[in-house]
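This report concerns only the one structure given below.
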Amino acid sequence: IGCYETLGVSYAETNLQLSGPKTGMVVAGCGLLGVVFLLSFKALGRLFDDVELILYGIGVMVLSCLLMIRGIWSPLIGNDDVDAYAIWLTAMISMYGIGYPIGHTAVIGWFSKAMKNKPQGFLLGIFGSAGSLARIVFPIVTGFVATHFSADAVFGVLATLLGTTLAILVVHRAAFREAIA
């Protein structure tokens, strides 16, 4: 999320010539969609187990990162601003509105169930602190990497890290399901 706040917004303003307020409205709309997914989590939980929700959430986040790598799709669309906007919007919706809210909430739910009857306040404090720290560190690291390499490098690294996490979860999903059984 920190990377998207840093690079996704600046990309829209710089390359798509969106104004700050319009970009903010798009991001807010994606956040609103995320809230809708969070409010429908009980229904999602009836359709999928926690491990599946984590996998789907991370999968959508990988797709979102791949969409933000302009080197992948820009040769396909050339200089068509409408297509570039649609790709950016799809990436933002995928990360802010779908992937992150579902994946993050499912991870917290999974850990909560894995803890069984043990106190969970400390664990939730760690999650909250890690999230706050990430919102500070990732925008700084993102800006540094994007300045010295490229925005594509940032999203490529994110796609690789998330893709590796996804692969590990797919391989070990039975053990993750057992932990909450």
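Each chain in the structure tokens gets a letter, A, B, ..., in the order shown, and its residues are numbered from 1; ligands are numbered from 1 in order too.
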Show me a table, sorted first by chain and then by increasing residue number, of the residues of stretch 58-102 of chain A having an atom at most 10 Å from stretch 155-161 of chain A, each with its shortest atom pair and the distance in Å to one decimal, counting only C-alpha atoms and written as JSON lines.
{"residue": "A:Ile58", "atom": "CA", "partner": "A:Ala159", "partner_atom": "CA", "distance": 9.7}
{"residue": "A:Gly59", "atom": "CA", "partner": "A:Ala159", "partner_atom": "CA", "distance": 9.6}
{"residue": "A:Met61", "atom": "CA", "partner": "A:Ala159", "partner_atom": "CA", "distance": 7.8}
{"residue": "A:Val62", "atom": "CA", "partner": "A:Ala159", "partner_atom": "CA", "distance": 5.0}
{"residue": "A:Leu63", "atom": "CA", "partner": "A:Ala159", "partner_atom": "CA", "distance": 7.7}
{"residue": "A:Ser64", "atom": "CA", "partner": "A:Ala159", "partner_atom": "CA", "distance": 8.3}
{"residue": "A:Cys65", "atom": "CA", "partner": "A:Phe155", "partner_atom": "CA", "distance": 5.2}
{"residue": "A:Leu66", "atom": "CA", "partner": "A:Ala159", "partner_atom": "CA", "distance": 6.4}
{"residue": "A:Leu67", "atom": "CA", "partner": "A:Phe155", "partner_atom": "CA", "distance": 8.8}
{"residue": "A:Met68", "atom": "CA", "partner": "A:Phe155", "partner_atom": "CA", "distance": 6.5}
{"residue": "A:Ile69", "atom": "CA", "partner": "A:Phe155", "partner_atom": "CA", "distance": 6.1}
{"residue": "A:Arg70", "atom": "CA", "partner": "A:Phe155", "partner_atom": "CA", "distance": 9.5}
Tell me which protein, DNA and RNA residues are within 12 Å of A:Gly121, counting only C-alpha atoms, leaving out same-chain ones fewer than 4 positions away, and put them as a list in words.
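Counting only C-alpha atoms, the residues come to Ile108, Phe111, Ser112, Met115, Asn117, Gly125, Ile126, Phe127 and Gly128 of chain A.
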Mind writing the picked residues with all heavy atoms as a CSV table (one decimal), in the first residue's frame?
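Output file selection_7.csv follows:
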chain,number,residue,atom,x,y,z
A,108,ILE,N,-5.0,-11.9,9.2
A,108,ILE,CA,-5.2,-11.6,10.6
A,108,ILE,C,-6.2,-12.7,11.2
A,108,ILE,O,-6.0,-13.2,12.3
A,108,ILE,CB,-5.7,-10.2,10.8
A,108,ILE,CG1,-4.6,-9.2,10.6
A,108,ILE,CG2,-6.3,-10.0,12.2
A,108,ILE,CD1,-5.0,-7.8,10.6
A,111,PHE,N,-4.3,-16.0,11.7
A,111,PHE,CA,-3.5,-16.0,12.9
A,111,PHE,C,-4.3,-16.1,14.1
A,111,PHE,O,-4.0,-16.8,15.1
A,111,PHE,CB,-2.6,-14.8,12.9
A,111,PHE,CG,-1.3,-15.0,12.2
A,111,PHE,CD1,-1.0,-14.4,11.0
A,111,PHE,CD2,-0.2,-15.7,12.8
A,111,PHE,CE1,0.2,-14.6,10.3
A,111,PHE,CE2,1.0,-15.9,12.2
A,111,PHE,CZ,1.2,-15.3,11.0
A,112,SER,N,-5.4,-15.4,14.1
A,112,SER,CA,-6.3,-15.4,15.3
A,112,SER,C,-6.8,-16.8,15.6
A,112,SER,O,-6.8,-17.3,16.7
A,112,SER,CB,-7.5,-14.5,15.0
A,112,SER,OG,-8.3,-14.5,16.1
A,115,MET,N,-4.0,-19.1,16.8
A,115,MET,CA,-3.6,-18.9,18.2
A,115,MET,C,-4.6,-19.6,19.2
A,115,MET,O,-4.2,-19.8,20.4
A,115,MET,CB,-3.7,-17.4,18.5
A,115,MET,CG,-2.6,-16.6,17.8
A,115,MET,SD,-1.0,-16.9,18.4
A,115,MET,CE,-1.0,-16.1,20.0
A,117,ASN,N,-6.9,-20.5,21.9
A,117,ASN,CA,-7.3,-19.8,23.1
A,117,ASN,C,-6.3,-18.9,23.8
A,117,ASN,O,-6.5,-18.4,24.9
A,117,ASN,CB,-7.8,-20.8,24.1
A,117,ASN,CG,-9.1,-21.5,23.7
A,117,ASN,OD1,-9.9,-21.0,22.9
A,117,ASN,ND2,-9.2,-22.8,24.0
A,125,GLY,N,-1.1,-6.3,18.3
A,125,GLY,CA,-0.2,-5.2,18.5
A,125,GLY,C,0.9,-5.2,17.5
A,125,GLY,O,1.3,-4.2,17.0
A,126,ILE,N,1.5,-6.5,17.4
A,126,ILE,CA,2.6,-6.6,16.4
A,126,ILE,C,2.1,-6.3,15.0
A,126,ILE,O,2.8,-5.6,14.3
A,126,ILE,CB,3.2,-8.1,16.5
A,126,ILE,CG1,3.9,-8.2,17.8
A,126,ILE,CG2,4.1,-8.3,15.3
A,126,ILE,CD1,4.4,-9.6,18.1
A,127,PHE,N,1.0,-6.8,14.6
A,127,PHE,CA,0.4,-6.5,13.3
A,127,PHE,C,0.2,-5.0,13.1
A,127,PHE,O,0.6,-4.5,12.0
A,127,PHE,CB,-0.9,-7.3,13.1
A,127,PHE,CG,-0.7,-8.7,12.6
A,127,PHE,CD1,-1.2,-9.7,13.3
A,127,PHE,CD2,-0.1,-9.0,11.4
A,127,PHE,CE1,-1.1,-11.0,12.9
A,127,PHE,CE2,0.0,-10.3,10.9
A,127,PHE,CZ,-0.5,-11.3,11.7
A,128,GLY,N,-0.4,-4.4,14.1
A,128,GLY,CA,-0.6,-3.0,14.0
A,128,GLY,C,0.7,-2.2,13.9
A,128,GLY,O,0.8,-1.3,13.1
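If you count only C-alpha atoms and ignore residues fewer than 5 places along the chain from A:Val107, what sits within 9 Å of it is Asp50, Val51, Leu53, Ile54, Ile102 and Ser112 of chain A.
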What does the file look like for those residues with N, CA and C atoms, as a short mmCIF file (atom, residue, chain, number, x, y, z; two decimals), in the first residue's frame?
data_model
loop_
_atom_site.label_atom_id
_atom_site.label_comp_id
_atom_site.auth_asym_id
_atom_site.auth_seq_id
_atom_site.Cartn_x
_atom_site.Cartn_y
_atom_site.Cartn_z
N ASP A 50 -10.00 -19.48 5.10
CA ASP A 50 -9.01 -18.41 5.30
C ASP A 50 -7.82 -18.54 4.37
N VAL A 51 -7.35 -19.75 4.18
CA VAL A 51 -6.17 -19.95 3.32
C VAL A 51 -6.50 -19.57 1.88
N LEU A 53 -8.74 -17.39 0.91
CA LEU A 53 -8.85 -15.93 0.88
C LEU A 53 -7.47 -15.27 0.86
N ILE A 54 -6.53 -15.81 1.64
CA ILE A 54 -5.17 -15.29 1.62
C ILE A 54 -4.57 -15.47 0.22
N ILE A 102 -8.78 -8.03 1.32
CA ILE A 102 -9.11 -9.44 1.51
C ILE A 102 -7.92 -10.20 2.09
N SER A 112 -5.43 -15.39 14.13
CA SER A 112 -6.31 -15.42 15.28
C SER A 112 -6.81 -16.83 15.55
#
Using atom CA of A:Leu123 and atom CA of A:Arg135 as the two end points, give the distance in Å to one decimal.
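Computing the Euclidean distance for atom CA of A:Leu123 and atom CA of A:Arg135 yields 18.5 Å.
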Residue nearest A:Ala91 - candidates A:Val60, A:Ala174, A:Leu32, A:Ile180, atoms counted: only C-alpha atoms
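Among the listed residues, A:Val60 lies closest to A:Ala91.
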